[in-house]
Every structure is written in C-alpha cells, then in structure tokens.
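Engineer: Data: data_23.json, JSON, C-alpha atoms.
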[["chain", "number", "residue", "atom", "x", "y", "z"],
["B", 23, "MET", "CA", -135.05, 46.12, 116.40],
["B", 24, "GLU", "CA", -136.76, 42.77, 115.72],
["B", 25, "LEU", "CA", -135.45, 39.76, 117.62],
["B", 26, "LEU", "CA", -135.16, 37.62, 114.49],
["B", 27, "GLN", "CA", -134.60, 38.83, 110.95],
["B", 28, "VAL", "CA", -134.55, 36.50, 107.97],
["B", 29, "LYS", "CA", -133.29, 38.40, 104.94],
["B", 30, "ASN", "CA", -133.43, 37.07, 101.36],
["B", 31, "VAL", "CA", -132.54, 33.53, 102.42],
["B", 32, "LYS", "CA", -131.89, 31.09, 99.60],
["B", 33, "LYS", "CA", -130.91, 27.44, 99.86],
["B", 34, "VAL", "CA", -129.72, 25.36, 96.91],
["B", 35, "TYR", "CA", -128.77, 21.69, 97.17],
["B", 36, "ASN", "CA", -126.64, 19.85, 94.63],
["B", 37, "THR", "CA", -127.48, 16.27, 93.72],
["B", 38, "ARG", "CA", -124.95, 13.60, 94.64],
["B", 39, "LEU", "CA", -123.65, 13.43, 91.11],
["B", 40, "GLY", "CA", -123.53, 17.22, 90.94],
["B", 41, "GLY", "CA", -125.43, 17.34, 87.68],
["B", 42, "GLN", "CA", -128.59, 18.98, 89.01],
["B", 43, "GLN", "CA", -129.54, 21.51, 91.63],
["B", 44, "PHE", "CA", -132.61, 21.70, 93.81],
["B", 45, "THR", "CA", -133.67, 25.07, 95.20],
["B", 46, "ALA", "CA", -135.30, 24.52, 98.60],
["B", 47, "LEU", "CA", -135.70, 28.21, 99.52],
["B", 48, "LYS", "CA", -136.05, 31.21, 97.22],
["B", 49, "ASP", "CA", -135.45, 34.69, 98.63],
["B", 50, "VAL", "CA", -137.37, 34.22, 101.92],
["B", 51, "SER", "CA", -137.63, 37.30, 104.15],
["B", 52, "PHE", "CA", -139.57, 37.94, 107.37],
["B", 53, "GLU", "CA", -139.10, 39.21, 110.92],
["B", 54, "VAL", "CA", -140.16, 37.97, 114.34],
["B", 55, "SER", "CA", -140.66, 40.40, 117.21],
["B", 56, "LYS", "CA", -139.62, 39.64, 120.77],
["B", 57, "GLY", "CA", -142.41, 37.79, 122.56],
["B", 58, "GLU", "CA", -144.14, 36.69, 119.36],
["B", 59, "PHE", "CA", -145.37, 33.13, 118.69],
["B", 60, "VAL", "CA", -145.05, 32.35, 114.98],
["B", 61, "ALA", "CA", -145.99, 29.12, 113.21],
["B", 62, "ILE", "CA", -144.67, 28.07, 109.79],
["B", 63, "MET", "CA", -146.84, 25.82, 107.63],
["B", 64, "GLY", "CA", -146.56, 24.24, 104.19],
["B", 65, "ALA", "CA", -146.62, 20.95, 102.34],
["B", 66, "SER", "CA", -143.89, 18.35, 102.79],
["B", 67, "GLY", "CA", -140.94, 19.54, 100.72],
["B", 68, "SER", "CA", -142.06, 23.17, 100.79],
["B", 69, "GLY", "CA", -138.85, 24.26, 102.56],
["B", 70, "LYS", "CA", -140.17, 24.96, 106.04],
["B", 71, "THR", "CA", -137.87, 22.53, 107.88],
["B", 72, "THR", "CA", -134.90, 23.69, 105.80],
["B", 73, "LEU", "CA", -135.74, 27.24, 106.86],
["B", 74, "LEU", "CA", -135.94, 26.22, 110.53],
["B", 75, "ASN", "CA", -132.58, 24.44, 110.30],
["B", 76, "ILE", "CA", -130.95, 27.55, 108.86],
["B", 77, "ILE", "CA", -132.41, 29.72, 111.62],
["B", 78, "ALA", "CA", -131.17, 27.13, 114.13],
["B", 79, "SER", "CA", -127.66, 27.37, 112.61],
["B", 80, "LEU", "CA", -127.84, 23.63, 111.87],
["B", 81, "ASP", "CA", -127.56, 24.40, 108.16],
["B", 82, "LYS", "CA", -126.13, 27.30, 106.17],
["B", 83, "ALA", "CA", -127.95, 29.43, 103.63],
["B", 84, "THR", "CA", -126.66, 29.56, 100.08],
["B", 85, "GLY", "CA", -127.64, 33.21, 99.93],
["B", 86, "GLY", "CA", -129.05, 35.87, 102.24],
["B", 87, "ASP", "CA", -128.62, 35.87, 106.01],
["B", 88, "VAL", "CA", -130.29, 35.41, 109.38],
["B", 89, "PHE", "CA", -129.85, 37.86, 112.26],
["B", 90, "LEU", "CA", -130.58, 37.25, 115.94],
["B", 91, "GLU", "CA", -130.71, 40.53, 117.85],
["B", 92, "GLY", "CA", -128.84, 42.09, 114.96],
["B", 93, "ARG", "CA", -126.04, 39.52, 114.95],
["B", 94, "SER", "CA", -125.45, 37.77, 111.64],
["B", 95, "LEU", "CA", -125.29, 33.98, 111.86],
["B", 96, "LYS", "CA", -122.67, 34.13, 109.12],
["B", 97, "SER", "CA", -120.39, 36.03, 111.49],
["B", 98, "ILE", "CA", -120.29, 33.15, 114.00],
["B", 99, "LYS", "CA", -117.24, 30.92, 113.64],
["B", 100, "ASP", "CA", -117.75, 27.17, 113.42],
["B", 101, "ARG", "CA", -115.97, 26.56, 116.73],
["B", 102, "GLU", "CA", -118.36, 28.98, 118.47],
["B", 103, "ILE", "CA", -121.63, 27.76, 116.97],
["B", 104, "SER", "CA", -122.47, 25.12, 119.62],
["B", 105, "ALA", "CA", -122.04, 27.64, 122.43],
["B", 106, "PHE", "CA", -124.13, 30.16, 120.47],
["B", 107, "ARG", "CA", -126.99, 27.66, 120.23],
["B", 108, "ARG", "CA", -126.83, 26.77, 123.94],
["B", 109, "HIS", "CA", -126.88, 30.41, 125.04],
["B", 110, "ASN", "CA", -129.47, 31.74, 122.62],
["B", 111, "LEU", "CA", -131.73, 28.97, 121.31],
["B", 112, "GLY", "CA", -133.99, 26.31, 122.77],
["B", 113, "PHE", "CA", -135.06, 23.29, 120.72],
["B", 114, "VAL", "CA", -138.19, 21.11, 120.83],
["B", 115, "PHE", "CA", -138.36, 18.26, 118.30],
["B", 116, "GLN", "CA", -141.05, 15.80, 117.21],
["B", 117, "ASP", "CA", -139.02, 12.81, 118.42],
["B", 118, "PHE", "CA", -138.06, 14.52, 121.72],
["B", 119, "ASN", "CA", -134.29, 13.86, 121.38],
["B", 120, "LEU", "CA", -133.98, 12.74, 125.00],
["B", 121, "LEU", "CA", -131.15, 10.55, 126.29],
["B", 122, "ASP", "CA", -132.58, 7.26, 127.56],
["B", 123, "THR", "CA", -129.65, 6.71, 129.94],
["B", 124, "PHE", "CA", -130.34, 10.06, 131.64],
["B", 125, "SER", "CA", -133.20, 10.70, 134.06],
["B", 126, "VAL", "CA", -135.81, 13.32, 133.27],
["B", 127, "LYS", "CA", -133.96, 15.66, 135.64],
["B", 128, "ASP", "CA", -130.60, 15.10, 133.97],
["B", 129, "ASN", "CA", -132.09, 15.56, 130.49],
["B", 130, "ILE", "CA", -133.51, 18.91, 131.54],
["B", 131, "LEU", "CA", -130.27, 20.05, 133.15],
["B", 132, "LEU", "CA", -127.99, 18.90, 130.32],
["B", 133, "PRO", "CA", -127.62, 22.30, 128.55],
["B", 134, "LEU", "CA", -126.75, 23.95, 131.87],
["B", 135, "VAL", "CA", -124.17, 21.24, 132.60],
["B", 136, "LEU", "CA", -122.61, 21.82, 129.18],
["B", 137, "SER", "CA", -122.47, 25.55, 130.01],
["B", 138, "ASN", "CA", -120.70, 24.83, 133.34],
["B", 139, "THR", "CA", -123.53, 26.32, 135.40],
["B", 140, "ASN", "CA", -123.08, 25.80, 139.14],
["B", 141, "ILE", "CA", -125.29, 23.27, 140.91],
["B", 142, "LYS", "CA", -127.09, 25.82, 143.09],
["B", 143, "GLU", "CA", -128.13, 27.83, 140.04],
["B", 144, "MET", "CA", -129.27, 24.67, 138.22],
["B", 145, "GLU", "CA", -131.48, 23.63, 141.12],
["B", 146, "SER", "CA", -132.97, 27.12, 141.46],
["B", 147, "ARG", "CA", -134.01, 27.01, 137.81],
["B", 148, "LEU", "CA", -135.14, 23.39, 137.74],
["B", 149, "ASN", "CA", -137.61, 23.25, 140.62],
["B", 150, "PRO", "CA", -140.05, 26.03, 139.64],
["B", 151, "LEU", "CA", -139.88, 24.99, 135.98],
["B", 152, "ALA", "CA", -140.62, 21.35, 136.77],
["B", 153, "GLU", "CA", -143.54, 22.45, 138.93],
["B", 154, "ARG", "CA", -144.94, 24.66, 136.15],
["B", 155, "LEU", "CA", -144.71, 21.87, 133.55],
["B", 156, "GLY", "CA", -146.05, 19.15, 135.85],
["B", 157, "LEU", "CA", -142.77, 17.22, 135.94],
["B", 158, "THR", "CA", -141.84, 17.34, 139.64],
["B", 159, "LYS", "CA", -142.93, 13.74, 140.34],
["B", 160, "LEU", "CA", -141.19, 12.47, 137.21],
["B", 161, "LEU", "CA", -137.71, 13.93, 137.70],
["B", 162, "ASN", "CA", -136.13, 10.66, 138.79],
["B", 163, "LYS", "CA", -137.78, 8.56, 136.09],
["B", 164, "PHE", "CA", -136.20, 7.76, 132.73],
["B", 165, "PRO", "CA", -137.65, 8.68, 129.31],
["B", 166, "TYR", "CA", -138.72, 5.09, 128.62],
["B", 167, "GLU", "CA", -140.80, 5.18, 131.81],
["B", 168, "VAL", "CA", -142.95, 8.21, 130.88],
["B", 169, "SER", "CA", -145.58, 8.96, 128.24],
["B", 170, "GLY", "CA", -145.06, 10.80, 124.96],
["B", 171, "GLY", "CA", -146.65, 13.95, 126.32],
["B", 172, "GLU", "CA", -144.41, 13.81, 129.39],
["B", 173, "LYS", "CA", -141.37, 13.34, 127.17],
["B", 174, "GLN", "CA", -142.32, 16.43, 125.19],
["B", 175, "ARG", "CA", -142.82, 18.45, 128.37],
["B", 176, "THR", "CA", -139.35, 17.28, 129.44],
["B", 177, "ALA", "CA", -137.99, 18.51, 126.11],
["B", 178, "MET", "CA", -139.78, 21.82, 126.64],
["B", 179, "ALA", "CA", -138.22, 22.17, 130.09],
["B", 180, "ARG", "CA", -134.79, 21.46, 128.63],
["B", 181, "ALA", "CA", -135.40, 24.13, 125.96],
["B", 182, "VAL", "CA", -136.60, 26.74, 128.45],
["B", 183, "ILE", "CA", -134.16, 26.23, 131.33],
["B", 184, "THR", "CA", -131.39, 28.21, 129.62],
["B", 185, "ASN", "CA", -133.67, 31.26, 129.29],
["B", 186, "PRO", "CA", -133.17, 31.29, 125.50],
["B", 187, "LYS", "CA", -133.93, 34.28, 123.34],
["B", 188, "LEU", "CA", -135.80, 32.05, 120.88],
["B", 189, "ILE", "CA", -137.40, 28.60, 121.08],
["B", 190, "LEU", "CA", -137.50, 26.63, 117.83],
["B", 191, "ALA", "CA", -140.03, 23.79, 117.63],
["B", 192, "ASP", "CA", -140.16, 21.27, 114.79],
["B", 193, "GLU", "CA", -143.51, 19.41, 114.69],
["B", 194, "PRO", "CA", -143.70, 19.36, 118.52],
["B", 195, "THR", "CA", -147.08, 17.57, 118.54],
["B", 196, "GLY", "CA", -146.39, 15.24, 115.62],
["B", 197, "ALA", "CA", -145.80, 12.16, 117.79],
["B", 198, "LEU", "CA", -148.55, 12.89, 120.33],
["B", 199, "ASP", "CA", -152.22, 11.99, 120.60],
["B", 200, "SER", "CA", -154.79, 14.79, 120.60],
["B", 201, "LYS", "CA", -155.07, 15.04, 124.40],
["B", 202, "ALA", "CA", -151.30, 15.24, 124.94],
["B", 203, "SER", "CA", -151.01, 17.68, 122.02],
["B", 204, "VAL", "CA", -153.43, 20.13, 123.61],
["B", 205, "LYS", "CA", -151.55, 19.98, 126.92],
["B", 206, "VAL", "CA", -148.25, 20.73, 125.19],
["B", 207, "LEU", "CA", -149.77, 23.55, 123.12],
["B", 208, "ASN", "CA", -151.36, 25.09, 126.20],
["B", 209, "MET", "CA", -147.88, 25.19, 127.72],
["B", 210, "PHE", "CA", -146.47, 26.82, 124.59],
["B", 211, "GLU", "CA", -149.26, 29.38, 124.87],
["B", 212, "GLU", "CA", -148.35, 30.01, 128.52],
["B", 213, "LEU", "CA", -144.69, 30.50, 127.60],
["B", 214, "HIS", "CA", -145.78, 32.97, 124.93],
["B", 215, "LYS", "CA", -147.95, 34.89, 127.41],
["B", 216, "ASN", "CA", -144.93, 35.07, 129.74],
["B", 217, "GLY", "CA", -142.89, 36.77, 127.02],
["B", 218, "GLN", "CA", -141.07, 33.85, 125.40],
["B", 219, "THR", "CA", -140.46, 34.10, 121.64],
["B", 220, "LEU", "CA", -141.37, 30.92, 119.75],
["B", 221, "LEU", "CA", -141.04, 29.77, 116.14],
["B", 222, "MET", "CA", -142.81, 26.50, 115.33],
["B", 223, "VAL", "CA", -142.93, 24.39, 112.17],
["B", 224, "THR", "CA", -146.10, 22.29, 112.01],
["B", 225, "HIS", "CA", -148.44, 20.43, 109.66],
["B", 226, "SER", "CA", -151.25, 20.76, 112.18],
["B", 227, "SER", "CA", -153.82, 23.53, 111.78],
["B", 228, "MET", "CA", -154.84, 22.92, 115.39],
["B", 229, "ALA", "CA", -151.28, 23.50, 116.60],
["B", 230, "ALA", "CA", -150.88, 26.59, 114.42],
["B", 231, "SER", "CA", -154.10, 28.07, 115.83],
["B", 232, "PHE", "CA", -152.26, 28.62, 119.14],
["B", 233, "ALA", "CA", -149.78, 30.97, 117.46],
["B", 234, "SER", "CA", -150.12, 34.72, 117.09],
["B", 235, "ARG", "CA", -149.12, 34.60, 113.41],
["B", 236, "VAL", "CA", -148.84, 31.91, 110.76],
["B", 237, "LEU", "CA", -146.46, 32.03, 107.79],
["B", 238, "PHE", "CA", -147.31, 29.83, 104.79],
["B", 239, "ILE", "CA", -144.47, 28.48, 102.63],
["B", 240, "LYS", "CA", -145.02, 27.11, 99.13],
["B", 241, "ASP", "CA", -142.30, 25.80, 96.81],
["B", 242, "GLY", "CA", -139.58, 27.49, 98.84],
["B", 243, "GLU", "CA", -141.23, 30.91, 98.91],
["B", 244, "LEU", "CA", -143.21, 32.84, 101.49],
["B", 245, "PHE", "CA", -146.74, 32.57, 100.07],
["B", 246, "SER", "CA", -148.87, 34.43, 102.63],
["B", 247, "GLN", "CA", -149.36, 35.05, 106.34],
["B", 248, "LEU", "CA", -152.21, 35.35, 108.82],
["B", 249, "TYR", "CA", -152.36, 37.33, 112.05],
["B", 250, "ARG", "CA", -154.43, 36.00, 114.93],
["B", 251, "GLY", "CA", -155.42, 39.36, 116.38],
["B", 252, "ASP", "CA", -158.32, 38.91, 118.80],
["B", 253, "ASP", "CA", -159.55, 35.69, 117.18],
["B", 254, "THR", "CA", -160.33, 32.66, 119.31],
["B", 255, "ASN", "CA", -158.48, 29.44, 118.56],
["B", 256, "LYS", "CA", -161.54, 28.14, 116.71],
["B", 257, "VAL", "CA", -161.91, 31.21, 114.50],
["B", 258, "PHE", "CA", -158.17, 31.31, 113.77],
["B", 259, "PHE", "CA", -158.20, 27.57, 113.04],
["B", 260, "ASP", "CA", -160.93, 28.06, 110.42],
["B", 261, "LYS", "CA", -158.94, 30.85, 108.79],
["B", 262, "ILE", "CA", -155.81, 28.68, 108.70],
["B", 263, "VAL", "CA", -157.70, 25.79, 107.08],
["B", 264, "SER", "CA", -159.18, 28.16, 104.50],
["B", 265, "ASN", "CA", -155.77, 29.61, 103.70],
["B", 266, "LEU", "CA", -154.23, 26.15, 103.37],
["B", 267, "SER", "CA", -156.91, 25.11, 100.91],
["B", 268, "ILE", "CA", -155.95, 28.08, 98.73],
["B", 269, "LEU", "CA", -152.27, 27.29, 99.18],
["B", 270, "SER", "CA", -152.57, 23.64, 98.21],
["B", 271, "ASP", "CA", -155.54, 23.50, 95.87],
["B", 272, "GLY", "CA", -156.61, 20.50, 97.87],
["B", 273, "GLY", "CA", -153.21, 18.80, 97.79],
["B", 274, "VAL", "CA", -151.89, 19.35, 101.34],
["B", 275, "ASP", "CA", -152.75, 17.52, 104.52],
["B", 276, "ILE", "CA", -154.03, 20.28, 106.77],
["B", 277, "GLY", "CA", -153.99, 18.27, 109.98]]
As structure tokens, please, write out the structure in this file.

Structural biologist:
Amino acid sequence: MELLQVKNVKKVYNTRLGGQQFTALKDVSFEVSKGEFVAIMGASGSGKTTLLNIIASLDKATGGDVFLEGRSLKSIKDREISAFRRHNLGFVFQDFNLLDTFSVKDNILLPLVLSNTNIKEMESRLNPLAERLGLTKLLNKFPYEVSGGEKQRTAMARAVITNPKLILADEPTGALDSKASVKVLNMFEELHKNGQTLLMVTHSSMAASFASRVLFIKDGELFSQLYRGDDTNKVFFDKIVSNLSILSDGGVDIG
C-alpha cells in the first residue's frame, strides 16, 4: 500500500457574493510511496498550494479524498485533526512559522510538548537531531538572532522531531539566498536517503531537482510528471526546465 493516496480530489471555491464559483482543483489523483521525495510545481494559481493544504488537512476537498496509510482524511473528526497532524505530519513553510518568544530549542520541542512527551525522551531526540542539522550551538538563541537558513533548519528539526510519516514543505527555499537554499536542500536530500517521505511545493527548478519525482500542475489538473531515475541534479534540472517551458508556453517563472 502507498503511504499517500490522492484520489479524484476536487476543490471549488465560492465567491463572497456566492454568484460565481472558482475550481482550484479538478479530479487530481496520484500516489506517493514510503520514502519517496516528490516535488509539485506549477504557475501561481495552478492549485498546488491548495492541494498541499488539503493533504495537510488544513483545508477540505469538495470532492474526492486523501488517504494516509489507508486512512481517509474525511474520517477524522474535527476535534481529532490537530492531534492527527502532530502525530503524522511535519511542516516546513517559506516563512518558517517560528515563535520569536521561544528559543530555537523550544521551537523544535514544541510539537513534543503539545503531545505530552516526557523530558527525557525529548532530550534524547533533540540532541542528535540538532547535531545533524548544525543547530547545537544555536539552541539557546532566539529566531531573531539567527539567519534565514538557520531558521529554516530549525523549522526542519521541528518537523522531523516527531518522526512523522510525511513531511510537507511549502516553498521551503523561497525566503533564502542561493547558498542557504542549497544547504537546506542537501538536508532534505539526506532525510530522503534516510527513508523520510517528503512532499514539497516549489517554484524553483533547482529545488525540484533534488526530488526523486516532480508532478506538474496546470489549471488545477495534473499535467505531467518526471522521474529522476539515475539522473544527476544538473540533468534532472534541465529536464524540469524543459518540461516547464512546455507547461507554460513561456508564461511561468521557472526559478
């Protein structure tokens, strides 16, 4: 069984006055295997972030369904949804979503605190993770005292510390310079090699070239996909750029 199954997902929004409807997603279906690193690309307004929000259970589909390890998201009651996210999903966002009044350490540990994890277990998870992500010397600093790349690595540590089944990343390099972006993507690649399943929305062809597969969304529909196979990052990057040019007819920023 696939880890993630997206089946015939449709999303329709009503305008404020209720006179018109906008269809953001049209019958989108795909699967993600355990341990896979998948990127989703498309123009602004193509539906990719809407799709990610539905998979994250932050939004509800108008039609179709999403399954995580065979469990329908529709079957989860509203009062249980926050706990479901904490136990199964990790999140990495473009704007980091860190709490400025919390230290780097406390930001990383927050999901474990919310899950009532004991202190000994929290420390046993934190120390090797901080070492791996180069955060050990920053644990007592606050988000406003560290760089953008360090903030994103903190967000990654917070996402990983719960041992989630799936990490969802929304433009994780969008607020970073090229050097910091490569460091973050190398860490995503390491997580992938260690068996973590990742799903990333990105405008950046460079970021997508680190994935094992890229899905292309156009006008709310799954347009095409590319598999990395044995390609190097450079070869896969060139294929992604070529596919985007077909997708957009020259109208999409390919990063």

Engineer: Near Leu73 in chain B, within 10 Å and counting all atoms listed in the file, which residues show up once chain neighbours fewer than 6 positions away are dropped, as a count of residues only?

Structural biologist: 15

Engineer: Work out how far CA of Leu155 in chain B is from CA of Ile130 in chain B, in Å to one decimal.

Structural biologist: 11.8 Å

Engineer: Pick from B:Ser270, B:Asn185, B:Thr123, B:Ser203: nearest to Asn216 in chain B, with all atoms listed in the file counted?

Structural biologist: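 Of B:Ser270, B:Asn185, B:Thr123, B:Ser203, the one nearest Asn216 in chain B, counting all atoms listed in the file, is B:Asn185.
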
Engineer: Near Arg154 in chain B, within 12 Å and counting all atoms listed in the file, which residues show up once chain neighbours fewer than 6 positions away are dropped, as a VMD selection string?

Structural biologist: chain B and resid 147 to 148 175 to 176 178 to 179 182 to 183 208 to 210 212 to 213

Engineer: Of the candidates B:Asp199, B:Asp252, B:Glu167, B:Asp192, which shows the shortest atom-to-atom distance to Lys70 in chain B, using only C-alpha atoms?

Structural biologist: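 Checking each of B:Asp199, B:Asp252, B:Glu167, B:Asp192 against Lys70 in chain B, counting only C-alpha atoms, the winner is B:Asp192.
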
Engineer: My list of candidates is B:Lys142, B:Lys48, B:Lys56, B:Lys205. Which is closest to Ser68 in chain B when distances are computed with all atoms listed in the file?

Structural biologist: B:Lys48
